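The next block holds one structure in the form of structure tokens; read it before the comments.
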Amino acid sequence: MGKPDTRRLDRAIQLANRKLAAVQNREMWPLDGRERRAILAGLAGGGYKVIRGKSPARAERKLETAWGSAETRLIAELAALTTERQRIVNEAAKTKAAKKSSGWW
């Protein structure tokens with residue numbers, strides 16, 4: 001029995017890592033629609049407040065919350081993918097050990 005097939009999960013983990021790095025650099029492409037709308041609303045609200053000469057503190061908090069939630073979502077996704085990959089590897093090792101111990105010598 002060969003190695004377990006984890007290529008699909010490895011690619012998904014790699015993509016999740018790239019998305020997480022992009023969110024930490026404040027790039028918009030890895031965000032889903034809800035997060036994108038929240039960030040654009042925070043930017044628009046903050047811009048409006050600045051033009052009016054008022055403090056944009058609330059809009060800034062909204063932006064930080066939106067970026068934080070996107071980062072949390074991606075970290076959870078990455079953890080789930082890593083756990084699934086480890087489960088597959090452990091299962092393959094268990095099967096291999098059982099097959100090896102059932103030999104006649």
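In the structure tokens, chains take letters A, B, ... by order of appearance, with residues numbered from 1 within each chain and ligands from 1 in the order shown.
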Can you check which residues of chain A DSSP gives as helix (DSSP H, G or I) on the backbone and send them as a compact mmCIF listing (two decimals) with N, CA and C atoms, in the first residue's frame?
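So states05.txt came out as:
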# COMPACT_ATOMS: atom_id res chain seq x y z
N ARG A 7 -3.28 14.91 -2.18
CA ARG A 7 -2.95 16.03 -3.08
C ARG A 7 -4.05 17.09 -3.11
N ARG A 8 -5.31 16.65 -3.17
CA ARG A 8 -6.41 17.60 -3.21
C ARG A 8 -6.43 18.47 -1.95
N LEU A 9 -6.27 17.81 -0.80
CA LEU A 9 -6.24 18.57 0.45
C LEU A 9 -5.00 19.46 0.56
N ASP A 10 -3.87 18.98 0.06
CA ASP A 10 -2.67 19.81 0.08
C ASP A 10 -2.85 21.08 -0.75
N ARG A 11 -3.50 20.95 -1.90
CA ARG A 11 -3.77 22.13 -2.73
C ARG A 11 -4.73 23.09 -2.02
N ALA A 12 -5.75 22.52 -1.37
CA ALA A 12 -6.72 23.37 -0.65
C ALA A 12 -6.04 24.08 0.53
N ILE A 13 -5.14 23.39 1.22
CA ILE A 13 -4.41 24.00 2.33
C ILE A 13 -3.51 25.12 1.83
N GLN A 14 -2.84 24.87 0.71
CA GLN A 14 -1.98 25.89 0.12
C GLN A 14 -2.79 27.13 -0.28
N LEU A 15 -3.96 26.91 -0.88
CA LEU A 15 -4.82 28.03 -1.27
C LEU A 15 -5.30 28.80 -0.04
N ALA A 16 -5.68 28.07 1.02
CA ALA A 16 -6.15 28.73 2.24
C ALA A 16 -5.02 29.56 2.86
N ASN A 17 -3.80 29.06 2.81
CA ASN A 17 -2.66 29.84 3.32
C ASN A 17 -2.45 31.11 2.50
N ARG A 18 -2.58 31.00 1.17
CA ARG A 18 -2.45 32.19 0.32
C ARG A 18 -3.55 33.20 0.63
N LYS A 19 -4.78 32.71 0.80
CA LYS A 19 -5.90 33.60 1.13
C LYS A 19 -5.67 34.30 2.47
N LEU A 20 -5.19 33.54 3.46
CA LEU A 20 -4.94 34.12 4.77
C LEU A 20 -3.87 35.20 4.70
N ALA A 21 -2.81 34.94 3.97
CA ALA A 21 -1.76 35.95 3.80
C ALA A 21 -2.30 37.19 3.09
N ALA A 22 -3.18 36.99 2.11
CA ALA A 22 -3.76 38.11 1.38
C ALA A 22 -4.66 38.94 2.30
N VAL A 23 -5.44 38.30 3.15
CA VAL A 23 -6.30 39.04 4.07
C VAL A 23 -5.46 39.80 5.09
N GLN A 24 -4.36 39.21 5.54
CA GLN A 24 -3.49 39.90 6.47
C GLN A 24 -2.81 41.11 5.82
N GLY A 33 -18.78 37.62 -0.25
CA GLY A 33 -19.63 38.77 -0.53
C GLY A 33 -20.01 39.57 0.71
N ARG A 34 -20.35 38.88 1.78
CA ARG A 34 -20.77 39.55 3.01
C ARG A 34 -19.62 40.37 3.58
N GLU A 35 -18.43 39.78 3.61
CA GLU A 35 -17.26 40.49 4.15
C GLU A 35 -16.89 41.67 3.27
N ARG A 36 -16.96 41.48 1.97
CA ARG A 36 -16.65 42.56 1.03
C ARG A 36 -17.61 43.73 1.21
N ARG A 37 -18.91 43.43 1.36
CA ARG A 37 -19.90 44.49 1.57
C ARG A 37 -19.64 45.23 2.88
N ALA A 38 -19.29 44.50 3.94
CA ALA A 38 -19.03 45.14 5.23
C ALA A 38 -17.83 46.09 5.15
N ILE A 39 -16.80 45.65 4.45
CA ILE A 39 -15.61 46.49 4.33
C ILE A 39 -15.89 47.73 3.48
N LEU A 40 -16.60 47.55 2.38
CA LEU A 40 -16.93 48.70 1.54
C LEU A 40 -17.86 49.67 2.26
N ALA A 41 -18.78 49.15 3.06
CA ALA A 41 -19.66 50.02 3.84
C ALA A 41 -18.86 50.80 4.88
N GLY A 42 -17.90 50.15 5.52
CA GLY A 42 -17.05 50.85 6.49
C GLY A 42 -16.22 51.93 5.83
N LEU A 43 -15.69 51.63 4.65
CA LEU A 43 -14.91 52.64 3.92
C LEU A 43 -15.78 53.83 3.52
N ALA A 44 -16.97 53.53 3.01
CA ALA A 44 -17.87 54.62 2.59
C ALA A 44 -18.29 55.46 3.78
N GLY A 45 -18.65 54.80 4.88
CA GLY A 45 -19.07 55.54 6.08
C GLY A 45 -17.95 56.38 6.64
N GLY A 46 -16.74 55.82 6.67
CA GLY A 46 -15.59 56.58 7.18
C GLY A 46 -15.26 57.76 6.29
N GLY A 47 -15.33 57.56 4.99
CA GLY A 47 -15.07 58.66 4.06
C GLY A 47 -16.08 59.78 4.23
N TYR A 48 -17.33 59.41 4.42
CA TYR A 48 -18.39 60.40 4.62
C TYR A 48 -18.12 61.19 5.89
N LYS A 49 -17.74 60.50 6.96
CA LYS A 49 -17.47 61.19 8.23
C LYS A 49 -16.28 62.14 8.11
N VAL A 50 -15.25 61.72 7.40
CA VAL A 50 -14.08 62.57 7.22
C VAL A 50 -14.44 63.82 6.44
N ILE A 51 -15.23 63.65 5.38
CA ILE A 51 -15.65 64.80 4.57
C ILE A 51 -16.48 65.77 5.41
N ARG A 52 -17.30 65.22 6.30
CA ARG A 52 -18.14 66.07 7.16
C ARG A 52 -17.35 66.69 8.31
N ALA A 57 -14.11 57.06 13.85
CA ALA A 57 -13.71 55.96 14.74
C ALA A 57 -14.64 54.75 14.61
N ARG A 58 -15.92 54.99 14.51
CA ARG A 58 -16.87 53.88 14.41
C ARG A 58 -16.68 53.09 13.11
N ALA A 59 -16.45 53.80 12.03
CA ALA A 59 -16.21 53.15 10.74
C ALA A 59 -14.90 52.37 10.77
N GLU A 60 -13.91 52.90 11.45
CA GLU A 60 -12.64 52.19 11.57
C GLU A 60 -12.80 50.91 12.37
N ARG A 61 -13.59 50.96 13.44
CA ARG A 61 -13.86 49.75 14.22
C ARG A 61 -14.60 48.72 13.38
N LYS A 62 -15.53 49.21 12.56
CA LYS A 62 -16.28 48.31 11.69
C LYS A 62 -15.35 47.62 10.68
N LEU A 63 -14.41 48.38 10.14
CA LEU A 63 -13.43 47.81 9.21
C LEU A 63 -12.56 46.77 9.90
N GLU A 64 -12.06 47.09 11.08
CA GLU A 64 -11.20 46.14 11.80
C GLU A 64 -11.97 44.87 12.17
N THR A 65 -13.23 45.02 12.52
CA THR A 65 -14.06 43.85 12.83
C THR A 65 -14.26 42.99 11.59
N ALA A 66 -14.50 43.61 10.45
CA ALA A 66 -14.71 42.87 9.21
C ALA A 66 -13.44 42.13 8.80
N TRP A 67 -12.28 42.80 8.88
CA TRP A 67 -11.02 42.14 8.53
C TRP A 67 -10.73 41.01 9.52
N GLY A 68 -11.02 41.25 10.78
CA GLY A 68 -10.79 40.22 11.80
C GLY A 68 -11.66 39.00 11.58
N SER A 69 -12.92 39.22 11.21
CA SER A 69 -13.81 38.07 10.99
C SER A 69 -13.39 37.28 9.75
N ALA A 70 -12.90 37.97 8.73
CA ALA A 70 -12.41 37.27 7.54
C ALA A 70 -11.18 36.43 7.89
N GLU A 71 -10.31 37.00 8.69
CA GLU A 71 -9.11 36.27 9.10
C GLU A 71 -9.47 35.05 9.96
N THR A 72 -10.42 35.24 10.86
CA THR A 72 -10.87 34.13 11.70
C THR A 72 -11.49 33.02 10.87
N ARG A 73 -12.29 33.39 9.88
CA ARG A 73 -12.91 32.39 9.01
C ARG A 73 -11.86 31.58 8.27
N LEU A 74 -10.85 32.25 7.75
CA LEU A 74 -9.81 31.55 7.00
C LEU A 74 -8.94 30.68 7.91
N ILE A 75 -8.68 31.12 9.12
CA ILE A 75 -7.92 30.31 10.07
C ILE A 75 -8.70 29.05 10.42
N ALA A 76 -10.01 29.18 10.63
CA ALA A 76 -10.83 28.01 10.93
C ALA A 76 -10.87 27.05 9.74
N GLU A 77 -10.98 27.59 8.54
CA GLU A 77 -10.98 26.76 7.33
C GLU A 77 -9.67 26.00 7.19
N LEU A 78 -8.57 26.70 7.46
CA LEU A 78 -7.25 26.08 7.38
C LEU A 78 -7.09 24.98 8.43
N ALA A 79 -7.58 25.23 9.63
CA ALA A 79 -7.50 24.23 10.69
C ALA A 79 -8.32 22.98 10.34
N ALA A 80 -9.50 23.20 9.76
CA ALA A 80 -10.35 22.07 9.37
C ALA A 80 -9.68 21.24 8.28
N LEU A 81 -9.09 21.89 7.30
CA LEU A 81 -8.40 21.17 6.22
C LEU A 81 -7.20 20.39 6.74
N THR A 82 -6.44 21.00 7.63
CA THR A 82 -5.28 20.34 8.20
C THR A 82 -5.70 19.13 9.03
N THR A 83 -6.77 19.27 9.80
CA THR A 83 -7.27 18.16 10.61
C THR A 83 -7.74 17.02 9.72
N GLU A 84 -8.43 17.34 8.64
CA GLU A 84 -8.90 16.30 7.71
C GLU A 84 -7.73 15.58 7.05
N ARG A 85 -6.69 16.32 6.68
CA ARG A 85 -5.52 15.70 6.08
C ARG A 85 -4.85 14.75 7.07
N GLN A 86 -4.74 15.19 8.32
CA GLN A 86 -4.12 14.35 9.34
C GLN A 86 -4.95 13.09 9.60
N ARG A 87 -6.27 13.22 9.55
CA ARG A 87 -7.14 12.06 9.74
C ARG A 87 -6.92 11.03 8.63
N ILE A 88 -6.78 11.50 7.40
CA ILE A 88 -6.57 10.60 6.27
C ILE A 88 -5.21 9.89 6.40
N VAL A 89 -4.19 10.63 6.80
CA VAL A 89 -2.85 10.04 6.96
C VAL A 89 -2.88 9.00 8.08
N ASN A 90 -3.53 9.32 9.20
CA ASN A 90 -3.61 8.38 10.32
C ASN A 90 -4.39 7.13 9.94
N GLU A 91 -5.45 7.30 9.21
CA GLU A 91 -6.26 6.17 8.76
C GLU A 91 -5.45 5.25 7.85
N ALA A 92 -4.68 5.84 6.95
CA ALA A 92 -3.84 5.03 6.06
C ALA A 92 -2.77 4.28 6.84
N ALA A 93 -2.19 4.94 7.83
CA ALA A 93 -1.16 4.29 8.65
C ALA A 93 -1.76 3.14 9.47
N LYS A 94 -2.95 3.35 9.96
CA LYS A 94 -3.64 2.31 10.74
C LYS A 94 -3.94 1.09 9.86
N THR A 95 -4.41 1.35 8.65
CA THR A 95 -4.70 0.27 7.70
C THR A 95 -3.43 -0.48 7.34
N LYS A 96 -2.34 0.25 7.13
CA LYS A 96 -1.07 -0.37 6.78
C LYS A 96 -0.54 -1.23 7.93
N ALA A 97 -0.66 -0.72 9.16
CA ALA A 97 -0.21 -1.47 10.32
C ALA A 97 -1.04 -2.73 10.52
N ALA A 98 -2.34 -2.63 10.32
CA ALA A 98 -3.21 -3.80 10.46
C ALA A 98 -2.88 -4.84 9.40
N LYS A 99 -2.61 -4.40 8.20
CA LYS A 99 -2.28 -5.31 7.11
C LYS A 99 -0.94 -6.00 7.37
N LYS A 100 0.01 -5.24 7.91
CA LYS A 100 1.33 -5.77 8.18
C LYS A 100 1.30 -6.78 9.33
N SER A 101 0.49 -6.50 10.37
CA SER A 101 0.45 -7.39 11.53
C SER A 101 -0.35 -8.67 11.26
